[in-house]
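J.: This structure is in structure tokens; I'll ask about it shortly.
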There are 4 protein chains.
Amino acid sequence: MGKARLEAFSDGVIAIIITIMVLELKIPSGADLVSIKALVPVFLNYVLSFVYVGIYWNNHHHLLHTVQRVSGGVLWANLHLLFWLSLFPFVTGWMGGNYTAAVPTAFYGGVLFMASLAYFILERVIIAYEGANSLLARAVGSEVKGRISSLLYVLGIATAFYSRIAAQLFYVTVALMRLVPDRRIERIVSNPPRR
Amino acid sequence: MGKARLEAFSDGVIAIIITIMVLELKIPSGADLVSIKALVPVFLNYVLSFVYVGIYWNNHHHLLHTVQRVSGGVLWANLHLLFWLSLFPFVTGWMGGNYTAAVPTAFYGGVLFMASLAYFILERVIIAYEGANSLLARAVGSEVKGRISSLLYVLGIATAFYSRIAAQLFYVTVALMRLVPDRRIERIVSNPPRR
Amino acid sequence: MGKARLEAFSDGVIAIIITIMVLELKIPSGADLVSIKALVPVFLNYVLSFVYVGIYWNNHHHLLHTVQRVSGGVLWANLHLLFWLSLFPFVTGWMGGNYTAAVPTAFYGGVLFMASLAYFILERVIIAYEGANSLLARAVGSEVKGRISSLLYVLGIATAFYSRIAAQLFYVTVALMRLVPDRRIERIVSNPPRR
Amino acid sequence: MGKARLEAFSDGVIAIIITIMVLELKIPSGADLVSIKALVPVFLNYVLSFVYVGIYWNNHHHLLHTVQRVSGGVLWANLHLLFWLSLFPFVTGWMGGNYTAAVPTAFYGGVLFMASLAYFILERVIIAYEGANSLLARAVGSEVKGRISSLLYVLGIATAFYSRIAAQLFYVTVALMRLVPDRRIERIVSNPPRR
């Protein structure tokens, strides 16, 4: 089975997620700078979530680039990733509106963590299907960046109960760290190692 | 007429349905664990509906895989399926917010039943257009799983008036049963029987 | 310039329009049959609008099937059609919630009329760009059905101020009349007349 | 890396933006002409934003037409453009509901300005990646129209604090000026200059 519809469907879902998040930026009843000031935390959180969803789309793009065919398992691992991404608008709106509260800040980190776990599972399911000699298997390697991300998410979740701003800085740090695209895949694809 | 736009349009509609369902997860006004606890039934119902829509997308993917051309009848049978799927956000939100009430639980089962009926009709319309010797006609066969699903939906709807939890367990059972993709089509496509 | 992105973009917009209309089916606060009974007019109106948007998607599919290239004028005529279609969720929700009121019923007809006019303009812009000898120009011919539709919309709008139910029957009649796909285009494409 | 998914994702996001803007046209509680009259400013603003998003889709279409491959930088410059476009529903609803207020009118201009800046950056990132001899680099040239647009946006933002109607006329003027598609690209592509 080809990957075209998997890509098209994922692009559709991710495009909708990234766009409906803006609906949590509720239009204020006032029309002055004071009413917009109250929206600044929600707006900053929207920016962060937009960057995260952008990173996922970007990496998903890279991940499927090397894939030729998809199995039923790949379809479901992909839907599992989309499920956790679909919770971004909810946690973005909740943390944005309660940025000084511990529970929403921890939940935001929880969804970030689950999404990164789902991405890792998708990667492994594809590699299991394509074989250990596939381009992807050789490109992914040791996954140091992924492990550091997971650790920082867990630190963020735990920190949320002591300091919201510290937890949120952890989340921002991972986003900045992951903004750099996964060059390994690009490099291996354009210059595959000889067997 | 080619099937590309039919697939693209269906992917678009299904992607939107699966994503806007999350808008029924209303952001709570509180910011503690108590306010999130009230959302647990809605969340579990969201998971169930997400899995159902995922199953439909997956099966739709398989169903159209063998199809070469589509007629006006196929387009409308497909829109009919999309219509019932489009009611998922409504019944998900209604049952999720009233999981102890009989009528929303029965309506949820009713939409599940109508969607499965619409899928069955789409299958038949495609077979009628492609002919009884088409790959799809031979792959579909006796439809035992479809008949059992329909029976369980009807049982769920009837049970809803006596026990909500029992009805919801029927719906979960069908989802688990249908999570297994339709191997018959995959098998026949990759290994067509000789005529 | 190719037509692929025009089709993809139109499919996306139409898929979103047909799906967000369901958001006007507001989830009732009650959980019994009485609360669902109040939704019946909105639901029926949702069905009608779903059929209309389905007809437009279907016809759009046929219309662009014969087209090879698109100009800037075609892009804008297409956006103009999408604009009027984008008002369907608004007028559907307004008439559905006020089905005994004259003004929403007339506005619903007004949007139907403008969408059909926009479709007609799109057809003419494409023919002007492709030339009078194009497949489409020969397929479209005298446009009897389009003229009757327009007349019925105008009758519906005028009737709305005397009888809502009569106006709504006009709108249902046009939908039924147009459910039959445009066989002329299918026929000419598969069997082009000799010059 | 190919540009197909970039185009598909951008089309998806722009299609959703242009469509969910209509959700800011809140269905009035009344059912007469008076209640619709209050919506006229929001509606006119919706038309203006629809035209702007249409212009961006159209120009995006032209811009990527000449591009062969995309880099990670192009993906992020494109996401940056989509970010500012995603704020259109917010500022449209805010200015539409407060068309006599200075701050929403200035913010609307601010988002227009940032979107045009993001488009300019995307253009430069593509040219930097494709090289100064690429078709796009030669087609874009001196960007007079872009500079005038930016100037008019800034004038609109400044004017908003003295006269709303004057500011809004600046925004309408740019839209009309940019409705004319970028013929330079079309011309160069169909008739490339000799080196």
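Convention: chains lettered A, B, ... in structure tokens order; per-chain residue numbering from 1; ligands numbered from 1 as shown.
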Taking only residues of chain A that have an atom at most 10 Å from an atom of chain D, what is each one's shortest atom pair and its distance in Å to one decimal, using only C-alpha atoms, in chain and number order, as JSON lines?

T.:
```
{"residue": "A:Ala4", "atom": "CA", "partner": "D:Arg5", "partner_atom": "CA", "distance": 9.8}
{"residue": "A:Glu7", "atom": "CA", "partner": "D:Arg5", "partner_atom": "CA", "distance": 7.8}
{"residue": "A:Ala8", "atom": "CA", "partner": "D:Ala8", "partner_atom": "CA", "distance": 7.5}
{"residue": "A:Ser10", "atom": "CA", "partner": "D:Phe9", "partner_atom": "CA", "distance": 9.3}
{"residue": "A:Asp11", "atom": "CA", "partner": "D:Phe9", "partner_atom": "CA", "distance": 5.5}
{"residue": "A:Gly12", "atom": "CA", "partner": "D:Gly12", "partner_atom": "CA", "distance": 6.1}
{"residue": "A:Val13", "atom": "CA", "partner": "D:Gly12", "partner_atom": "CA", "distance": 9.1}
{"residue": "A:Ile14", "atom": "CA", "partner": "D:Phe9", "partner_atom": "CA", "distance": 8.3}
{"residue": "A:Ala15", "atom": "CA", "partner": "D:Val13", "partner_atom": "CA", "distance": 5.0}
{"residue": "A:Ile16", "atom": "CA", "partner": "D:Val13", "partner_atom": "CA", "distance": 6.7}
{"residue": "A:Ile17", "atom": "CA", "partner": "D:Val13", "partner_atom": "CA", "distance": 9.3}
{"residue": "A:Ile18", "atom": "CA", "partner": "D:Val13", "partner_atom": "CA", "distance": 7.8}
{"residue": "A:Thr19", "atom": "CA", "partner": "D:Ser86", "partner_atom": "CA", "distance": 6.3}
{"residue": "A:Ile20", "atom": "CA", "partner": "D:Ile20", "partner_atom": "CA", "distance": 8.2}
{"residue": "A:Met21", "atom": "CA", "partner": "D:Ser86", "partner_atom": "CA", "distance": 9.3}
{"residue": "A:Val22", "atom": "CA", "partner": "D:Ser86", "partner_atom": "CA", "distance": 6.9}
{"residue": "A:Leu23", "atom": "CA", "partner": "D:Phe90", "partner_atom": "CA", "distance": 7.8}
{"residue": "A:Glu24", "atom": "CA", "partner": "D:Phe90", "partner_atom": "CA", "distance": 9.7}
{"residue": "A:Leu25", "atom": "CA", "partner": "D:Phe90", "partner_atom": "CA", "distance": 7.2}
{"residue": "A:Lys26", "atom": "CA", "partner": "D:Phe90", "partner_atom": "CA", "distance": 7.7}
{"residue": "A:Ile27", "atom": "CA", "partner": "D:Trp94", "partner_atom": "CA", "distance": 5.9}
{"residue": "A:Pro28", "atom": "CA", "partner": "D:Trp94", "partner_atom": "CA", "distance": 7.4}
{"residue": "A:Ser29", "atom": "CA", "partner": "D:Trp94", "partner_atom": "CA", "distance": 8.5}
{"residue": "A:Gly30", "atom": "CA", "partner": "D:Asn98", "partner_atom": "CA", "distance": 8.6}
{"residue": "A:Ala31", "atom": "CA", "partner": "D:Pro104", "partner_atom": "CA", "distance": 6.2}
{"residue": "A:Asp32", "atom": "CA", "partner": "D:Val103", "partner_atom": "CA", "distance": 5.6}
{"residue": "A:Leu33", "atom": "CA", "partner": "D:Val103", "partner_atom": "CA", "distance": 6.7}
{"residue": "A:Ile36", "atom": "CA", "partner": "D:Val103", "partner_atom": "CA", "distance": 9.1}
{"residue": "A:Tyr46", "atom": "CA", "partner": "D:Phe83", "partner_atom": "CA", "distance": 9.9}
{"residue": "A:Val47", "atom": "CA", "partner": "D:Phe83", "partner_atom": "CA", "distance": 8.3}
{"residue": "A:Phe50", "atom": "CA", "partner": "D:Phe83", "partner_atom": "CA", "distance": 7.5}
{"residue": "A:Val51", "atom": "CA", "partner": "D:Leu79", "partner_atom": "CA", "distance": 8.6}
{"residue": "A:Gly54", "atom": "CA", "partner": "D:Leu79", "partner_atom": "CA", "distance": 6.9}
{"residue": "A:Ile55", "atom": "CA", "partner": "D:Trp76", "partner_atom": "CA", "distance": 9.0}
{"residue": "A:Trp57", "atom": "CA", "partner": "D:Phe9", "partner_atom": "CA", "distance": 9.0}
{"residue": "A:Asn58", "atom": "CA", "partner": "D:Leu75", "partner_atom": "CA", "distance": 7.5}
{"residue": "A:His61", "atom": "CA", "partner": "D:Arg5", "partner_atom": "CA", "distance": 7.7}
{"residue": "A:His62", "atom": "CA", "partner": "D:Met1", "partner_atom": "CA", "distance": 8.7}
{"residue": "A:His65", "atom": "CA", "partner": "D:Met1", "partner_atom": "CA", "distance": 8.0}
{"residue": "A:Leu179", "atom": "CA", "partner": "D:Trp76", "partner_atom": "CA", "distance": 9.0}
{"residue": "A:Val180", "atom": "CA", "partner": "D:Gly72", "partner_atom": "CA", "distance": 8.5}
{"residue": "A:Pro181", "atom": "CA", "partner": "D:Gly72", "partner_atom": "CA", "distance": 6.5}
{"residue": "A:Asp182", "atom": "CA", "partner": "D:Gly72", "partner_atom": "CA", "distance": 9.2}
{"residue": "A:Arg183", "atom": "CA", "partner": "D:Gly72", "partner_atom": "CA", "distance": 9.1}
{"residue": "A:Glu186", "atom": "CA", "partner": "D:Met1", "partner_atom": "CA", "distance": 8.4}
{"residue": "A:Val189", "atom": "CA", "partner": "D:Met1", "partner_atom": "CA", "distance": 9.7}
{"residue": "A:Ser190", "atom": "CA", "partner": "D:Met1", "partner_atom": "CA", "distance": 9.5}
```

J.: Just list the residues in stretch 35-105 of chain B DSSP gives helix (DSSP H, G or I) on the backbone, as a ChimeraX atom specification.

T.: /B:35-37,40-65,72-86,88-97,102-105

J.: Show me, as a PyMOL selection string, the residues that have an atom within 9 Å of stretch 146-154 of chain C when counting only C-alpha atoms, minus same-chain residues fewer than 3 positions from it.

T.: chain C and resi 109-110+112-113+116-117+120+142-143+157-159+167+170-171+173-175+177-178

J.: Could you turn the residues from that selection into a file that holds all heavy atoms, as a compact mmCIF listing (two decimals), in the first residue's frame?

T.:
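Result file is part_32.txt:
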```txt
# COMPACT_ATOMS: atom_id res chain seq x y z
N GLY C 109 -32.08 31.42 0.58
CA GLY C 109 -32.26 31.40 -0.87
C GLY C 109 -31.31 32.35 -1.58
O GLY C 109 -30.82 32.05 -2.67
N GLY C 110 -31.04 33.49 -0.94
CA GLY C 110 -30.12 34.46 -1.55
C GLY C 110 -28.72 33.88 -1.72
O GLY C 110 -28.09 34.07 -2.77
N LEU C 112 -28.02 30.65 -1.89
CA LEU C 112 -28.13 29.62 -2.94
C LEU C 112 -28.05 30.26 -4.32
O LEU C 112 -27.36 29.77 -5.22
CB LEU C 112 -29.47 28.87 -2.83
CG LEU C 112 -29.66 27.92 -1.64
CD1 LEU C 112 -31.04 27.28 -1.71
CD2 LEU C 112 -28.60 26.83 -1.65
N PHE C 113 -28.78 31.39 -4.47
CA PHE C 113 -28.80 32.07 -5.77
C PHE C 113 -27.40 32.59 -6.13
O PHE C 113 -26.92 32.39 -7.25
CB PHE C 113 -29.80 33.23 -5.73
CG PHE C 113 -29.86 34.00 -7.01
CD1 PHE C 113 -30.57 33.52 -8.10
CD2 PHE C 113 -29.20 35.22 -7.13
CE1 PHE C 113 -30.61 34.23 -9.30
CE2 PHE C 113 -29.23 35.93 -8.32
CZ PHE C 113 -29.94 35.43 -9.41
N SER C 116 -25.07 29.82 -7.18
CA SER C 116 -25.32 29.29 -8.53
C SER C 116 -24.85 30.29 -9.58
O SER C 116 -24.34 29.91 -10.64
CB SER C 116 -26.79 28.94 -8.72
OG SER C 116 -27.58 30.10 -8.83
N LEU C 117 -25.00 31.59 -9.27
CA LEU C 117 -24.49 32.61 -10.18
C LEU C 117 -22.96 32.52 -10.28
O LEU C 117 -22.38 32.59 -11.37
CB LEU C 117 -24.90 33.99 -9.67
CG LEU C 117 -24.54 35.19 -10.55
CD1 LEU C 117 -25.32 35.15 -11.85
CD2 LEU C 117 -24.84 36.50 -9.81
N PHE C 120 -21.98 29.70 -12.43
CA PHE C 120 -22.19 30.05 -13.84
C PHE C 120 -21.04 30.93 -14.35
O PHE C 120 -20.51 30.70 -15.45
CB PHE C 120 -23.54 30.78 -13.97
CG PHE C 120 -23.84 31.28 -15.35
CD1 PHE C 120 -24.29 30.42 -16.33
CD2 PHE C 120 -23.67 32.63 -15.66
CE1 PHE C 120 -24.55 30.88 -17.61
CE2 PHE C 120 -23.94 33.10 -16.95
CZ PHE C 120 -24.38 32.22 -17.92
N SER C 142 -26.94 24.72 -23.60
CA SER C 142 -27.91 25.80 -23.39
C SER C 142 -28.23 26.07 -21.93
O SER C 142 -28.93 27.05 -21.63
CB SER C 142 -29.20 25.45 -24.12
OG SER C 142 -29.76 24.31 -23.53
N GLU C 143 -27.78 25.21 -21.01
CA GLU C 143 -27.93 25.54 -19.59
C GLU C 143 -29.37 25.68 -19.14
O GLU C 143 -29.69 26.56 -18.33
CB GLU C 143 -27.21 26.86 -19.29
CG GLU C 143 -25.74 26.70 -19.12
CD GLU C 143 -25.43 25.90 -17.86
OE1 GLU C 143 -26.33 25.70 -17.02
OE2 GLU C 143 -24.29 25.46 -17.73
N ILE C 157 -37.13 32.96 -2.71
CA ILE C 157 -36.84 34.17 -1.92
C ILE C 157 -38.09 35.02 -1.79
O ILE C 157 -38.45 35.49 -0.69
CB ILE C 157 -35.69 34.97 -2.60
CG1 ILE C 157 -34.40 34.14 -2.60
CG2 ILE C 157 -35.48 36.30 -1.89
CD1 ILE C 157 -33.30 34.69 -3.49
N ALA C 158 -38.82 35.21 -2.92
CA ALA C 158 -40.03 36.03 -2.90
C ALA C 158 -41.11 35.37 -2.03
O ALA C 158 -41.78 36.04 -1.23
CB ALA C 158 -40.54 36.25 -4.32
N THR C 159 -41.23 34.05 -2.15
CA THR C 159 -42.27 33.32 -1.41
C THR C 159 -42.02 33.34 0.09
O THR C 159 -42.97 33.24 0.88
CB THR C 159 -42.32 31.86 -1.90
OG1 THR C 159 -42.37 31.86 -3.33
CG2 THR C 159 -43.52 31.12 -1.36
N ALA C 167 -41.33 28.31 0.49
CA ALA C 167 -39.98 28.72 0.05
C ALA C 167 -39.00 27.56 0.23
O ALA C 167 -38.21 27.24 -0.67
CB ALA C 167 -39.53 29.94 0.86
N PHE C 170 -39.26 25.03 -2.40
CA PHE C 170 -38.56 25.42 -3.64
C PHE C 170 -37.09 25.01 -3.56
O PHE C 170 -36.52 24.46 -4.50
CB PHE C 170 -38.65 26.93 -3.87
CG PHE C 170 -39.91 27.37 -4.56
CD1 PHE C 170 -40.79 28.25 -3.95
CD2 PHE C 170 -40.21 26.90 -5.84
CE1 PHE C 170 -41.95 28.66 -4.59
CE2 PHE C 170 -41.38 27.31 -6.49
CZ PHE C 170 -42.26 28.19 -5.85
N TYR C 171 -36.47 25.28 -2.39
CA TYR C 171 -35.03 24.97 -2.25
C TYR C 171 -34.80 23.46 -2.32
O TYR C 171 -33.82 22.99 -2.90
CB TYR C 171 -34.46 25.52 -0.93
CG TYR C 171 -34.71 26.99 -0.69
CD1 TYR C 171 -34.82 27.50 0.60
CD2 TYR C 171 -34.82 27.88 -1.76
CE1 TYR C 171 -35.04 28.85 0.83
CE2 TYR C 171 -35.05 29.23 -1.53
CZ TYR C 171 -35.16 29.71 -0.23
OH TYR C 171 -35.39 31.04 -0.01
N THR C 173 -36.68 21.34 -3.92
CA THR C 173 -36.93 20.92 -5.30
C THR C 173 -35.68 21.08 -6.15
O THR C 173 -35.31 20.17 -6.92
CB THR C 173 -38.08 21.77 -5.89
OG1 THR C 173 -39.21 21.64 -5.04
CG2 THR C 173 -38.42 21.30 -7.30
N VAL C 174 -35.03 22.24 -6.02
CA VAL C 174 -33.82 22.45 -6.83
C VAL C 174 -32.76 21.41 -6.47
O VAL C 174 -32.09 20.86 -7.35
CB VAL C 174 -33.26 23.88 -6.65
CG1 VAL C 174 -32.00 24.07 -7.49
CG2 VAL C 174 -34.30 24.91 -7.03
N ALA C 175 -32.61 21.12 -5.17
CA ALA C 175 -31.60 20.14 -4.75
C ALA C 175 -31.88 18.80 -5.40
O ALA C 175 -30.98 18.16 -5.96
CB ALA C 175 -31.58 20.01 -3.22
N MET C 177 -33.60 18.21 -8.10
CA MET C 177 -33.41 18.35 -9.55
C MET C 177 -31.93 18.28 -9.92
O MET C 177 -31.55 17.73 -10.96
CB MET C 177 -33.98 19.69 -9.98
CG MET C 177 -34.17 19.88 -11.45
SD MET C 177 -34.86 21.56 -11.69
CE MET C 177 -33.33 22.53 -11.77
N ARG C 178 -31.09 18.85 -9.02
CA ARG C 178 -29.67 18.92 -9.37
C ARG C 178 -28.89 17.72 -8.87
O ARG C 178 -27.71 17.57 -9.20
CB ARG C 178 -29.07 20.21 -8.82
CG ARG C 178 -29.66 21.41 -9.56
CD ARG C 178 -29.10 22.70 -9.06
NE ARG C 178 -27.65 22.76 -9.24
CZ ARG C 178 -26.90 23.78 -8.86
NH1 ARG C 178 -27.47 24.81 -8.29
NH2 ARG C 178 -25.61 23.78 -9.05
```

J.: Name the closest residue to A:Gln68 among the candidates A:Gly131, A:Val53, A:Val111, A:Phe43; distances are taken between atoms, counting only C-alpha atoms.

T.: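 Using only C-alpha atoms, A:Gln68 sits closest to A:Gly131.
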